file entry.pdb (PDB, C-alpha atoms)
MODEL        1
ATOM      1  CA  MET A  12     144.120  63.095  84.650
ATOM      2  CA  ASN A  13     140.578  63.814  85.821
ATOM      3  CA  LEU A  14     140.591  66.808  88.170
ATOM      4  CA  VAL A  15     136.857  66.654  88.860
ATOM      5  CA  GLU A  16     135.651  63.818  91.091
ATOM      6  CA  SER A  17     132.665  61.971  89.755
ATOM      7  CA  VAL A  18     130.034  61.539  92.487
ATOM      8  CA  PRO A  19     127.036  59.269  91.899
ATOM      9  CA  ARG A  20     123.901  61.404  91.919
ATOM     10  CA  THR A  21     121.615  59.163  93.930
ATOM     11  CA  GLY A  22     119.173  60.366  96.545
ATOM     12  CA  ILE A  23     120.591  58.017  99.201
ATOM     13  CA  ASN A  24     124.204  59.140  98.727
ATOM     14  CA  THR A  25     123.219  62.806  98.762
ATOM     15  CA  ALA A  26     121.116  62.382 101.902
ATOM     16  CA  TRP A  27     123.896  60.555 103.745
ATOM     17  CA  LEU A  28     126.457  63.191 102.822
ATOM     18  CA  ARG A  29     124.178  65.908 104.196
ATOM     19  CA  VAL A  30     123.585  63.956 107.412
ATOM     20  CA  ILE A  31     127.307  63.328 107.902
ATOM     21  CA  SER A  32     128.057  66.999 107.280
ATOM     22  CA  PHE A  33     125.455  68.041 109.872
ATOM     23  CA  ILE A  34     126.814  65.568 112.440
ATOM     24  CA  LEU A  35     130.356  66.839 111.902
ATOM     25  CA  LEU A  36     129.162  70.409 112.435
ATOM     26  CA  LEU A  37     127.450  69.474 115.716
ATOM     27  CA  LEU A  38     130.529  67.540 116.820
ATOM     28  CA  LEU A  39     132.822  70.474 116.088
ATOM     29  CA  TRP A  40     130.459  72.789 117.948
ATOM     30  CA  ALA A  41     130.300  70.476 120.987
ATOM     31  CA  ILE A  42     134.086  70.072 121.145
ATOM     32  CA  SER A  43     134.638  73.825 120.861
ATOM     33  CA  ALA A  44     132.091  74.500 123.619
ATOM     34  CA  PHE A  45     133.693  71.839 125.858
ATOM     35  CA  PHE A  46     137.145  73.393 125.639
ATOM     36  CA  ALA A  47     135.861  76.971 125.810
ATOM     37  CA  GLN A  48     133.838  76.383 129.011
ATOM     38  CA  SER A  49     132.296  79.820 128.641
ATOM     39  CA  ARG A  50     128.877  81.473 128.370
ATOM     40  CA  VAL A  51     130.081  82.916 125.087
ATOM     41  CA  LEU A  52     129.747  79.498 123.422
ATOM     42  CA  PRO A  53     127.088  77.225 124.970
ATOM     43  CA  ASP A  54     127.028  73.604 123.857
ATOM     44  CA  PRO A  55     124.362  72.246 121.451
ATOM     45  CA  TRP A  56     122.412  70.563 124.257
ATOM     46  CA  ALA A  57     122.086  73.829 126.214
ATOM     47  CA  VAL A  58     120.893  75.620 123.073
ATOM     48  CA  ALA A  59     118.405  72.812 122.394
ATOM     49  CA  ILE A  60     116.932  73.191 125.899
ATOM     50  CA  VAL A  61     116.562  76.962 125.460
ATOM     51  CA  PHE A  62     115.062  76.407 122.019
ATOM     52  CA  TYR A  63     112.476  74.044 123.514
ATOM     53  CA  ASP A  64     111.601  76.508 126.292
ATOM     54  CA  HIS A  65     111.006  79.365 123.825
ATOM     55  CA  LEU A  66     109.009  77.032 121.609
ATOM     56  CA  ILE A  67     106.761  75.851 124.442
ATOM     57  CA  ASN A  68     105.975  79.319 125.815
ATOM     58  CA  GLY A  69     105.033  80.513 122.319
ATOM     59  CA  SER A  70     107.442  83.452 122.054
ATOM     60  CA  LEU A  71     109.566  81.820 119.360
ATOM     61  CA  LEU A  72     106.613  80.943 117.129
ATOM     62  CA  PHE A  73     105.113  84.425 117.516
ATOM     63  CA  ASP A  74     108.307  86.278 116.617
ATOM     64  CA  LEU A  75     109.088  83.810 113.839
ATOM     65  CA  GLY A  76     105.641  84.318 112.323
ATOM     66  CA  ILE A  77     105.984  88.120 112.402
ATOM     67  CA  THR A  78     109.392  87.995 110.733
ATOM     68  CA  LEU A  79     108.257  85.525 108.074
ATOM     69  CA  CYS A  80     105.339  87.788 107.155
ATOM     70  CA  ARG A  81     107.782  90.652 106.589
ATOM     71  CA  VAL A  82     110.110  88.413 104.593
ATOM     72  CA  ILE A  83     107.284  87.212 102.337
ATOM     73  CA  ALA A  84     105.892  90.721 101.772
ATOM     74  CA  ALA A  85     109.305  92.195 100.945
ATOM     75  CA  PHE A  86     110.242  89.211  98.773
ATOM     76  CA  VAL A  87     107.073  89.380  96.657
ATOM     77  CA  LEU A  88     107.346  93.158  96.251
ATOM     78  CA  ALA A  89     111.030  92.992  95.288
ATOM     79  CA  MET A  90     110.613  90.082  92.861
ATOM     80  CA  VAL A  91     107.586  91.512  91.039
ATOM     81  CA  THR A  92     108.993  95.041  90.772
ATOM     82  CA  GLY A  93     112.514  93.924  89.895
ATOM     83  CA  THR A  94     111.327  91.388  87.308
ATOM     84  CA  VAL A  95     109.142  93.906  85.471
ATOM     85  CA  ILE A  96     111.843  96.597  85.427
ATOM     86  CA  GLY A  97     114.572  94.106  84.474
ATOM     87  CA  ILE A  98     112.603  92.700  81.523
ATOM     88  CA  LEU A  99     111.739  96.187  80.271
ATOM     89  CA  MET A 100     115.380  97.297  80.504
ATOM     90  CA  GLY A 101     116.472  94.174  78.652
ATOM     91  CA  LEU A 102     113.967  94.767  75.854
ATOM     92  CA  ARG A 103     114.254  98.553  75.514
ATOM     93  CA  LYS A 104     117.744  99.908  74.862
ATOM     94  CA  ARG A 105     116.835 103.537  75.531
ATOM     95  CA  LEU A 106     115.175 102.662  78.820
ATOM     96  CA  ASP A 107     118.255 100.658  79.773
ATOM     97  CA  ILE A 108     120.506 103.650  79.107
ATOM     98  CA  LEU A 109     118.129 105.950  80.998
ATOM     99  CA  LEU A 110     117.915 103.788  84.125
ATOM    100  CA  ASP A 111     121.405 102.269  84.156
ATOM    101  CA  GLY A 112     122.842 105.131  86.216
ATOM    102  CA  TRP A 113     120.031 104.818  88.737
ATOM    103  CA  LEU A 114     120.638 101.085  88.946
ATOM    104  CA  ILE A 115     124.334 101.530  89.688
ATOM    105  CA  LEU A 116     123.473 104.119  92.343
ATOM    106  CA  PHE A 117     120.988 101.888  94.175
ATOM    107  CA  LEU A 118     123.306  98.873  93.927
ATOM    108  CA  ASN A 119     125.987 100.756  95.842
ATOM    109  CA  ILE A 120     123.880 102.354  98.578
ATOM    110  CA  PRO A 121     124.540 100.462 101.843
ATOM    111  CA  ALA A 122     121.539  98.607 103.236
ATOM    112  CA  LEU A 123     121.881 100.390 106.574
ATOM    113  CA  VAL A 124     121.544 103.794 104.885
ATOM    114  CA  THR A 125     118.364 102.706 103.085
ATOM    115  CA  ILE A 126     116.862 101.393 106.324
ATOM    116  CA  ILE A 127     117.620 104.587 108.258
ATOM    117  CA  LEU A 128     116.259 106.839 105.505
ATOM    118  CA  CYS A 129     113.034 104.824 105.213
ATOM    119  CA  TYR A 130     112.469 105.065 108.961
ATOM    120  CA  VAL A 131     113.142 108.822 108.863
ATOM    121  CA  TRP A 132     110.847 109.405 105.883
ATOM    122  CA  PHE A 133     107.986 107.011 106.708
ATOM    123  CA  GLY A 134     108.316 106.623 110.468
ATOM    124  CA  LEU A 135     108.766 103.445 112.490
ATOM    125  CA  THR A 136     106.031 101.601 110.584
ATOM    126  CA  GLU A 137     105.578  98.323 108.735
ATOM    127  CA  VAL A 138     105.474 100.229 105.444
ATOM    128  CA  ALA A 139     108.908 101.688 106.147
ATOM    129  CA  ALA A 140     110.310  98.300 107.170
ATOM    130  CA  ILE A 141     109.056  96.409 104.112
ATOM    131  CA  THR A 142     109.994  99.267 101.763
ATOM    132  CA  ALA A 143     113.537  99.359 103.130
ATOM    133  CA  VAL A 144     114.001  95.632 102.664
ATOM    134  CA  SER A 145     112.523  95.658  99.152
ATOM    135  CA  LEU A 146     114.646  98.599  98.001
ATOM    136  CA  ASN A 147     117.779  96.700  98.980
ATOM    137  CA  LYS A 148     116.820  93.689  96.852
ATOM    138  CA  ILE A 149     115.112  95.219  93.795
ATOM    139  CA  PRO A 150     118.363  96.362  92.074
ATOM    140  CA  ASN A 151     119.809  92.829  92.235
ATOM    141  CA  VAL A 152     116.655  91.367  90.706
ATOM    142  CA  VAL A 153     116.710  94.014  87.970
ATOM    143  CA  VAL A 154     120.309  93.192  87.020
ATOM    144  CA  THR A 155     119.641  89.445  86.904
ATOM    145  CA  LEU A 156     116.469  89.722  84.813
ATOM    146  CA  ARG A 157     117.983  92.321  82.500
ATOM    147  CA  GLU A 158     120.850  89.989  81.666
ATOM    148  CA  GLY A 159     118.420  87.101  81.289
ATOM    149  CA  THR A 160     116.294  89.086  78.854
ATOM    150  CA  ARG A 161     119.366  89.965  76.805
ATOM    151  CA  ALA A 162     120.258  86.261  76.616
ATOM    152  CA  VAL A 163     116.848  85.233  75.247
ATOM    153  CA  ASP A 164     117.045  83.438  71.880
ATOM    154  CA  ARG A 165     115.669  86.037  69.449
ATOM    155  CA  ASP A 166     115.566  83.507  66.613
ATOM    156  CA  LEU A 167     113.011  81.479  68.546
ATOM    157  CA  LEU A 168     110.845  84.556  68.979
ATOM    158  CA  GLN A 169     111.118  85.318  65.264
ATOM    159  CA  VAL A 170     109.977  81.783  64.454
ATOM    160  CA  ALA A 171     106.922  82.335  66.647
ATOM    161  CA  GLN A 172     106.271  85.590  64.813
ATOM    162  CA  VAL A 173     106.592  83.932  61.392
ATOM    163  CA  PHE A 174     104.019  81.321  62.364
ATOM    164  CA  ARG A 175     101.798  84.116  63.668
ATOM    165  CA  VAL A 176     101.716  82.935  67.240
ATOM    166  CA  GLY A 177      99.785  85.362  69.451
ATOM    167  CA  HIS A 178     101.659  87.793  71.691
ATOM    168  CA  ARG A 179     100.291  86.220  74.864
ATOM    169  CA  LYS A 180     101.283  82.692  73.826
ATOM    170  CA  THR A 181     104.687  83.888  72.589
ATOM    171  CA  PHE A 182     105.373  85.496  75.951
ATOM    172  CA  PHE A 183     104.309  82.528  78.103
ATOM    173  CA  LYS A 184     105.491  79.686  75.833
ATOM    174  CA  PHE A 185     108.639  81.044  74.166
ATOM    175  CA  PHE A 186     109.905  84.072  76.098
ATOM    176  CA  LEU A 187     109.176  83.443  79.784
ATOM    177  CA  PRO A 188     110.489  79.825  79.914
ATOM    178  CA  GLN A 189     113.912  81.109  78.854
ATOM    179  CA  LEU A 190     113.880  83.463  81.841
ATOM    180  CA  TYR A 191     113.020  80.796  84.428
ATOM    181  CA  PRO A 192     116.669  80.059  85.368
ATOM    182  CA  TYR A 193     117.319  83.766  85.936
ATOM    183  CA  ILE A 194     114.113  84.178  87.925
ATOM    184  CA  MET A 195     115.107  81.260  90.157
ATOM    185  CA  ILE A 196     118.593  82.705  90.656
ATOM    186  CA  ALA A 197     117.036  86.003  91.706
ATOM    187  CA  ALA A 198     114.576  84.195  93.984
ATOM    188  CA  ARG A 199     117.219  82.087  95.730
ATOM    189  CA  SER A 200     119.583  84.996  96.289
ATOM    190  CA  GLY A 201     116.575  87.106  97.264
ATOM    191  CA  ILE A 202     115.531  84.786 100.074
ATOM    192  CA  ALA A 203     119.104  84.655 101.376
ATOM    193  CA  LEU A 204     119.508  88.440 101.319
ATOM    194  CA  ILE A 205     116.047  89.564 102.405
ATOM    195  CA  TRP A 206     115.820  87.596 105.636
ATOM    196  CA  LYS A 207     119.185  89.004 106.748
ATOM    197  CA  ILE A 208     118.102  92.579 106.030
ATOM    198  CA  VAL A 209     114.745  91.993 107.739
ATOM    199  CA  LEU A 210     116.578  91.136 110.961
ATOM    200  CA  VAL A 211     118.498  94.428 110.794
ATOM    201  CA  VAL A 212     115.274  96.328 110.087
ATOM    202  CA  GLU A 213     113.605  94.732 113.114
ATOM    203  CA  LEU A 214     116.614  95.377 115.306
ATOM    204  CA  LEU A 215     116.639  99.090 114.448
ATOM    205  CA  GLY A 216     112.980 100.010 114.375
ATOM    206  CA  ARG A 217     110.446  97.322 115.263
ATOM    207  CA  SER A 218     109.117  96.110 118.605
ATOM    208  CA  ASN A 219     108.660  92.460 117.619
ATOM    209  CA  GLY A 220     110.162  89.806 115.386
ATOM    210  CA  ILE A 221     113.358  87.770 115.452
ATOM    211  CA  GLY A 222     115.618  90.791 114.979
ATOM    212  CA  PHE A 223     114.065  92.665 117.909
ATOM    213  CA  GLN A 224     114.389  89.641 120.190
ATOM    214  CA  LEU A 225     118.018  89.159 119.175
ATOM    215  CA  SER A 226     118.732  92.736 120.280
ATOM    216  CA  VAL A 227     117.068  92.010 123.647
ATOM    217  CA  PHE A 228     119.092  88.826 124.112
ATOM    218  CA  PHE A 229     122.252  90.748 123.185
ATOM    219  CA  GLN A 230     121.600  93.278 125.939
ATOM    220  CA  LEU A 231     121.012  90.421 128.388
ATOM    221  CA  PHE A 232     124.110  88.560 127.117
ATOM    222  CA  ASP A 233     121.902  85.517 126.517
ATOM    223  CA  ILE A 234     123.994  83.719 123.887
ATOM    224  CA  ALA A 235     121.988  80.491 124.101
ATOM    225  CA  SER A 236     118.771  82.308 123.171
ATOM    226  CA  ILE A 237     120.536  84.148 120.344
ATOM    227  CA  LEU A 238     121.702  80.836 118.881
ATOM    228  CA  ALA A 239     118.293  79.208 119.449
ATOM    229  CA  TYR A 240     116.424  81.959 117.593
ATOM    230  CA  THR A 241     119.026  82.038 114.828
ATOM    231  CA  LEU A 242     118.855  78.278 114.304
ATOM    232  CA  ALA A 243     115.050  78.386 114.247
ATOM    233  CA  PHE A 244     115.026  80.969 111.486
ATOM    234  CA  VAL A 245     117.719  79.169 109.488
ATOM    235  CA  ILE A 246     115.738  75.925 109.730
ATOM    236  CA  VAL A 247     112.630  77.672 108.413
ATOM    237  CA  MET A 248     114.547  79.206 105.500
ATOM    238  CA  ILE A 249     116.017  75.808 104.595
ATOM    239  CA  ALA A 250     112.514  74.325 104.750
ATOM    240  CA  VAL A 251     111.263  77.054 102.398
ATOM    241  CA  GLU A 252     114.058  76.211  99.965
ATOM    242  CA  LEU A 253     113.361  72.476 100.072
ATOM    243  CA  ALA A 254     109.561  72.677 100.101
ATOM    244  CA  PHE A 255     108.922  75.558  97.699
ATOM    245  CA  ILE A 256     111.900  77.049  95.840
ATOM    246  CA  GLY A 257     113.455  73.695  94.887
ATOM    247  CA  PRO A 258     110.254  72.036  93.595
ATOM    248  CA  ILE A 259     109.271  75.181  91.672
ATOM    249  CA  ASP A 260     112.721  75.275  90.091
ATOM    250  CA  ARG A 261     112.496  71.635  89.019
ATOM    251  CA  TYR A 262     108.989  72.116  87.639
ATOM    252  CA  ALA A 263     109.915  75.272  85.730
ATOM    253  CA  THR A 264     112.997  73.694  84.138
ATOM    254  CA  ARG A 265     111.506  70.250  83.436
ATOM    255  CA  TRP A 266     111.528  71.030  79.699
ATOM    256  CA  ARG A 267     115.341  70.827  79.717
ATOM    257  CA  LYS A 268     115.339  67.130  80.606
TER
ENDMDL
END

call {"tool": "encode", "arguments": {"input": "entry.pdb", "output": "structure tokens"}}
result
Amino acid sequence: MNLVESVPRTGINTAWLRVISFILLLLLWAISAFFAQSRVLPDPWAVAIVFYDHLINGSLLFDLGITLCRVIAAFVLAMVTGTVIGILMGLRKRLDILLDGWLILFLNIPALVTIILCYVWFGLTEVAAITAVSLNKIPNVVVTLREGTRAVDRDLLQVAQVFRVGHRKTFFKFFLPQLYPYIMIAARSGIALIWKIVLVVELLGRSNGIGFQLSVFFQLFDIASILAYTLAFVIVMIAVELAFIGPIDRYATRWRK
């Protein structure tokens, strides 16, 4: 008995399944809004109208651009720092033992605490905002890359050493390609986590961005605008995944095929 359904992996089938899923979600939303008949849950058409209004007057694009800049800055800082530390901890046993306690500590500090402390220490500045977001993601990147480094095939590296392959070529041709899956895992989870934390950071201590506007709409009980801004940001993050993260992942792992 085959417990796993075999689904043909064709682009057309996959696209249709995604379209059907999206239509079902909209249908469920519309039905729920129809029976609720409340400002708490506006229907998709009402949200679309509000979305269009914010888009035309430029406020949505402005706030979206500000938030995306913070997301990109925090993402790059977290990925670079976490990757370097994770690789070093995976290669150096003593360093791993030395920093393991710190890693556990930072993994268990709530994001809200980190945000508040950064604002207290550095003031209500962009540096504090980006630092707070990065500090919440760096430990996760470190753990992922440390485990990836431990899983590297040492025999392959020894073969490169026997044939006297240079250190630079060994790193980029034999070592780093084995880490690509772990780097992509860290990147995907990083995007998902960072944009959520950025919204909290903006809500607590910035005067612009999606998070700040959501707090304003909350005070005004403007649910349609909250949903419009949320959908706009989700659409952008999905576009980033499809346009950048996905293609980079396929290019980096093309050697497996």

call {"tool": "closest_residue", "arguments": {"input": "entry.pdb", "among": "A:Thr160, A:Leu214, A:Asp74, A:Thr25", "to": "A:Phe182", "atoms": "only C-alpha atoms"}}
result
A:Thr160

call {"tool": "resolve_selection", "arguments": {"input": "entry.pdb", "expression": "the PyMOL selection byres ((chain A and resi 209) around 8)", "output": "NGL selection string"}}
result
:A and (78 or 81-82 or 140 or 144 or 205-208 or 210-213 or 222)

call {"tool": "residues_around", "arguments": {"input": "entry.pdb", "residues": "A:Ser49", "least_positions_apart": "6", "cutoff": "12 Å", "atoms": "only C-alpha atoms", "output": "list in words"}}
result
Ser43, Ile234 and Ala235 of chain A

call {"tool": "atom_distance", "arguments": {"input": "entry.pdb", "atom1": "atom CA of A:Ile60", "atom2": "atom CA of A:Ile246"}}
result
16.4 Å

call {"tool": "closest_residue", "arguments": {"input": "entry.pdb", "among": "A:Val154, A:Leu225, A:Val245, A:Ile194", "to": "A:Leu99", "atoms": "only C-alpha atoms"}}
result
A:Val154

call {"tool": "residues_near_point", "arguments": {"input": "entry.pdb", "point": "(112.9, 84.7, 114.6)", "cutoff": "10 Å", "atoms": "only C-alpha atoms", "output": "list in words"}}
result
Ser70, Leu71, Leu72, Phe73, Asp74, Leu75, Gly76, Ile77, Thr78, Leu79, Trp206, Leu210, Asn219, Gly220, Ile221, Gly222, Phe223, Gln224, Leu225, Ile237, Ala239, Tyr240, Thr241, Leu242, Ala243, Phe244, Val245 and Val247 of chain A

call {"tool": "atom_distance", "arguments": {"input": "entry.pdb", "atom1": "atom CA of A:Ile196", "atom2": "atom CA of A:Leu253"}}
result
14.9 Å

call {"tool": "atom_distance", "arguments": {"input": "entry.pdb", "atom1": "atom CA of A:Gly201", "atom2": "atom CA of A:Ile31"}}
result
28.2 Å

call {"tool": "closest_residue", "arguments": {"input": "entry.pdb", "among": "A:Leu39, A:Gln230, A:Thr125, A:Gly97", "to": "A:Ala139", "atoms": "only C-alpha atoms"}}
result
A:Thr125

call {"tool": "closest_residue", "arguments": {"input": "entry.pdb", "among": "A:Asp233, A:Ala85, A:Ile98, A:Ile108", "to": "A:Leu204", "atoms": "all atoms listed in the file"}}
result
A:Ala85

call {"tool": "residues_around", "arguments": {"input": "entry.pdb", "residues": "stretch 109-115 of chain A", "least_positions_apart": "4", "cutoff": "8 Å", "atoms": "all atoms listed in the file", "output": "count of residues only"}}
result
4

call {"tool": "resolve_selection", "arguments": {"input": "entry.pdb", "expression": "the PyMOL selection byres ((chain A and resi 152) around 12)", "output": "mmCIF file with C-alpha atoms, in the coordinates of the input"}}
result
data_model
loop_
_atom_site.group_PDB
_atom_site.id
_atom_site.type_symbol
_atom_site.label_atom_id
_atom_site.label_comp_id
_atom_site.auth_asym_id
_atom_site.auth_seq_id
_atom_site.Cartn_x
_atom_site.Cartn_y
_atom_site.Cartn_z
ATOM 1 C CA PHE A 86 110.242 89.211 98.773
ATOM 2 C CA VAL A 87 107.073 89.380 96.657
ATOM 3 C CA LEU A 88 107.346 93.158 96.251
ATOM 4 C CA ALA A 89 111.030 92.992 95.288
ATOM 5 C CA MET A 90 110.613 90.082 92.861
ATOM 6 C CA VAL A 91 107.586 91.512 91.039
ATOM 7 C CA THR A 92 108.993 95.041 90.772
ATOM 8 C CA GLY A 93 112.514 93.924 89.895
ATOM 9 C CA THR A 94 111.327 91.388 87.308
ATOM 10 C CA VAL A 95 109.142 93.906 85.471
ATOM 11 C CA ILE A 96 111.843 96.597 85.427
ATOM 12 C CA GLY A 97 114.572 94.106 84.474
ATOM 13 C CA ILE A 98 112.603 92.700 81.523
ATOM 14 C CA MET A 100 115.380 97.297 80.504
ATOM 15 C CA LEU A 114 120.638 101.085 88.946
ATOM 16 C CA PHE A 117 120.988 101.888 94.175
ATOM 17 C CA LEU A 118 123.306 98.873 93.927
ATOM 18 C CA SER A 145 112.523 95.658 99.152
ATOM 19 C CA LEU A 146 114.646 98.599 98.001
ATOM 20 C CA ASN A 147 117.779 96.700 98.980
ATOM 21 C CA LYS A 148 116.820 93.689 96.852
ATOM 22 C CA ILE A 149 115.112 95.219 93.795
ATOM 23 C CA PRO A 150 118.363 96.362 92.074
ATOM 24 C CA ASN A 151 119.809 92.829 92.235
ATOM 25 C CA VAL A 153 116.710 94.014 87.970
ATOM 26 C CA VAL A 154 120.309 93.192 87.020
ATOM 27 C CA THR A 155 119.641 89.445 86.904
ATOM 28 C CA LEU A 156 116.469 89.722 84.813
ATOM 29 C CA ARG A 157 117.983 92.321 82.500
ATOM 30 C CA GLU A 158 120.850 89.989 81.666
ATOM 31 C CA GLY A 159 118.420 87.101 81.289
ATOM 32 C CA TYR A 193 117.319 83.766 85.936
ATOM 33 C CA ILE A 194 114.113 84.178 87.925
ATOM 34 C CA MET A 195 115.107 81.260 90.157
ATOM 35 C CA ILE A 196 118.593 82.705 90.656
ATOM 36 C CA ALA A 197 117.036 86.003 91.706
ATOM 37 C CA ALA A 198 114.576 84.195 93.984
ATOM 38 C CA ARG A 199 117.219 82.087 95.730
ATOM 39 C CA SER A 200 119.583 84.996 96.289
ATOM 40 C CA GLY A 201 116.575 87.106 97.264
ATOM 41 C CA ILE A 202 115.531 84.786 100.074
ATOM 42 C CA LEU A 204 119.508 88.440 101.319
ATOM 43 C CA ILE A 205 116.047 89.564 102.405
#

call {"tool": "residues_around", "arguments": {"input": "entry.pdb", "residues": "A:Pro53", "least_positions_apart": "4", "cutoff": "9 Å", "atoms": "all atoms listed in the file", "output": "list in words"}}
result
Trp40, Ala41, Ala44, Phe45, Ala47, Gln48, Ser49, Ala57, Val58, Ile234, Ala235 and Leu238 of chain A

call {"tool": "closest_residue", "arguments": {"input": "entry.pdb", "among": "A:Leu102, A:Ala162, A:Leu215, A:Ala203", "to": "A:Met248", "atoms": "all atoms listed in the file"}}
result
A:Ala203

call {"tool": "decode", "arguments": {"input": "entry.pdb", "residues": "stretch 194-253 of chain A", "atoms": "C-alpha atoms", "output": "short mmCIF file (atom, residue, chain, number, x, y, z; two decimals), in the first residue's frame"}}
result
data_model
loop_
_atom_site.label_atom_id
_atom_site.label_comp_id
_atom_site.auth_asym_id
_atom_site.auth_seq_id
_atom_site.Cartn_x
_atom_site.Cartn_y
_atom_site.Cartn_z
CA ILE A 194 22.85 28.63 3.68
CA MET A 195 19.58 28.56 1.74
CA ILE A 196 17.72 27.12 4.73
CA ALA A 197 19.08 29.95 6.88
CA ALA A 198 18.20 32.50 4.20
CA ARG A 199 14.62 31.30 3.75
CA SER A 200 13.90 31.11 7.47
CA GLY A 201 15.72 34.43 7.86
CA ILE A 202 13.44 36.27 5.46
CA ALA A 203 10.37 34.81 7.16
CA LEU A 204 11.57 35.76 10.65
CA ILE A 205 13.21 39.12 9.97
CA TRP A 206 10.28 40.83 8.29
CA LYS A 207 8.03 39.89 11.22
CA ILE A 208 10.49 41.28 13.76
CA VAL A 209 10.99 44.43 11.67
CA LEU A 210 7.27 45.18 11.98
CA VAL A 211 7.49 44.91 15.78
CA VAL A 212 10.58 47.14 15.81
CA GLU A 213 8.77 49.77 13.73
CA LEU A 214 5.66 49.54 15.88
CA LEU A 215 7.63 50.17 19.08
CA GLY A 216 10.16 52.79 18.07
CA ARG A 217 10.00 54.14 14.52
CA SER A 218 7.91 56.90 12.97
CA ASN A 219 7.55 55.31 9.52
CA GLY A 220 7.32 51.92 7.86
CA ILE A 221 4.66 49.23 7.67
CA GLY A 222 4.79 48.44 11.38
CA PHE A 223 4.26 52.08 12.38
CA GLN A 224 1.31 52.44 10.01
CA LEU A 225 -0.25 49.24 11.34
CA SER A 226 -0.15 50.72 14.85
CA VAL A 227 -1.89 53.87 13.55
CA PHE A 228 -4.57 51.82 11.80
CA PHE A 229 -5.04 49.78 14.98
CA GLN A 230 -5.72 52.93 16.98
CA LEU A 231 -8.21 54.05 14.32
CA PHE A 232 -9.77 50.56 14.17
CA ASP A 233 -9.17 50.56 10.41
CA ILE A 234 -9.14 46.81 9.76
CA ALA A 235 -9.32 47.18 5.98
CA SER A 236 -6.10 49.23 5.93
CA ILE A 237 -4.40 46.75 8.27
CA LEU A 238 -5.24 43.89 5.90
CA ALA A 239 -4.26 45.95 2.84
CA TYR A 240 -0.82 46.79 4.22
CA THR A 241 -0.30 43.24 5.45
CA LEU A 242 -1.20 41.74 2.07
CA ALA A 243 1.10 44.20 0.29
CA PHE A 244 4.06 43.17 2.40
CA VAL A 245 3.28 39.46 2.07
CA ILE A 246 3.07 39.84 -1.71
CA VAL A 247 6.47 41.52 -1.78
CA MET A 248 8.03 38.78 0.36
CA ILE A 249 6.58 36.09 -1.91
CA ALA A 250 7.97 37.97 -4.91
CA VAL A 251 11.40 38.06 -3.26
CA GLU A 252 11.23 34.30 -2.73
CA LEU A 253 10.18 33.59 -6.31
#
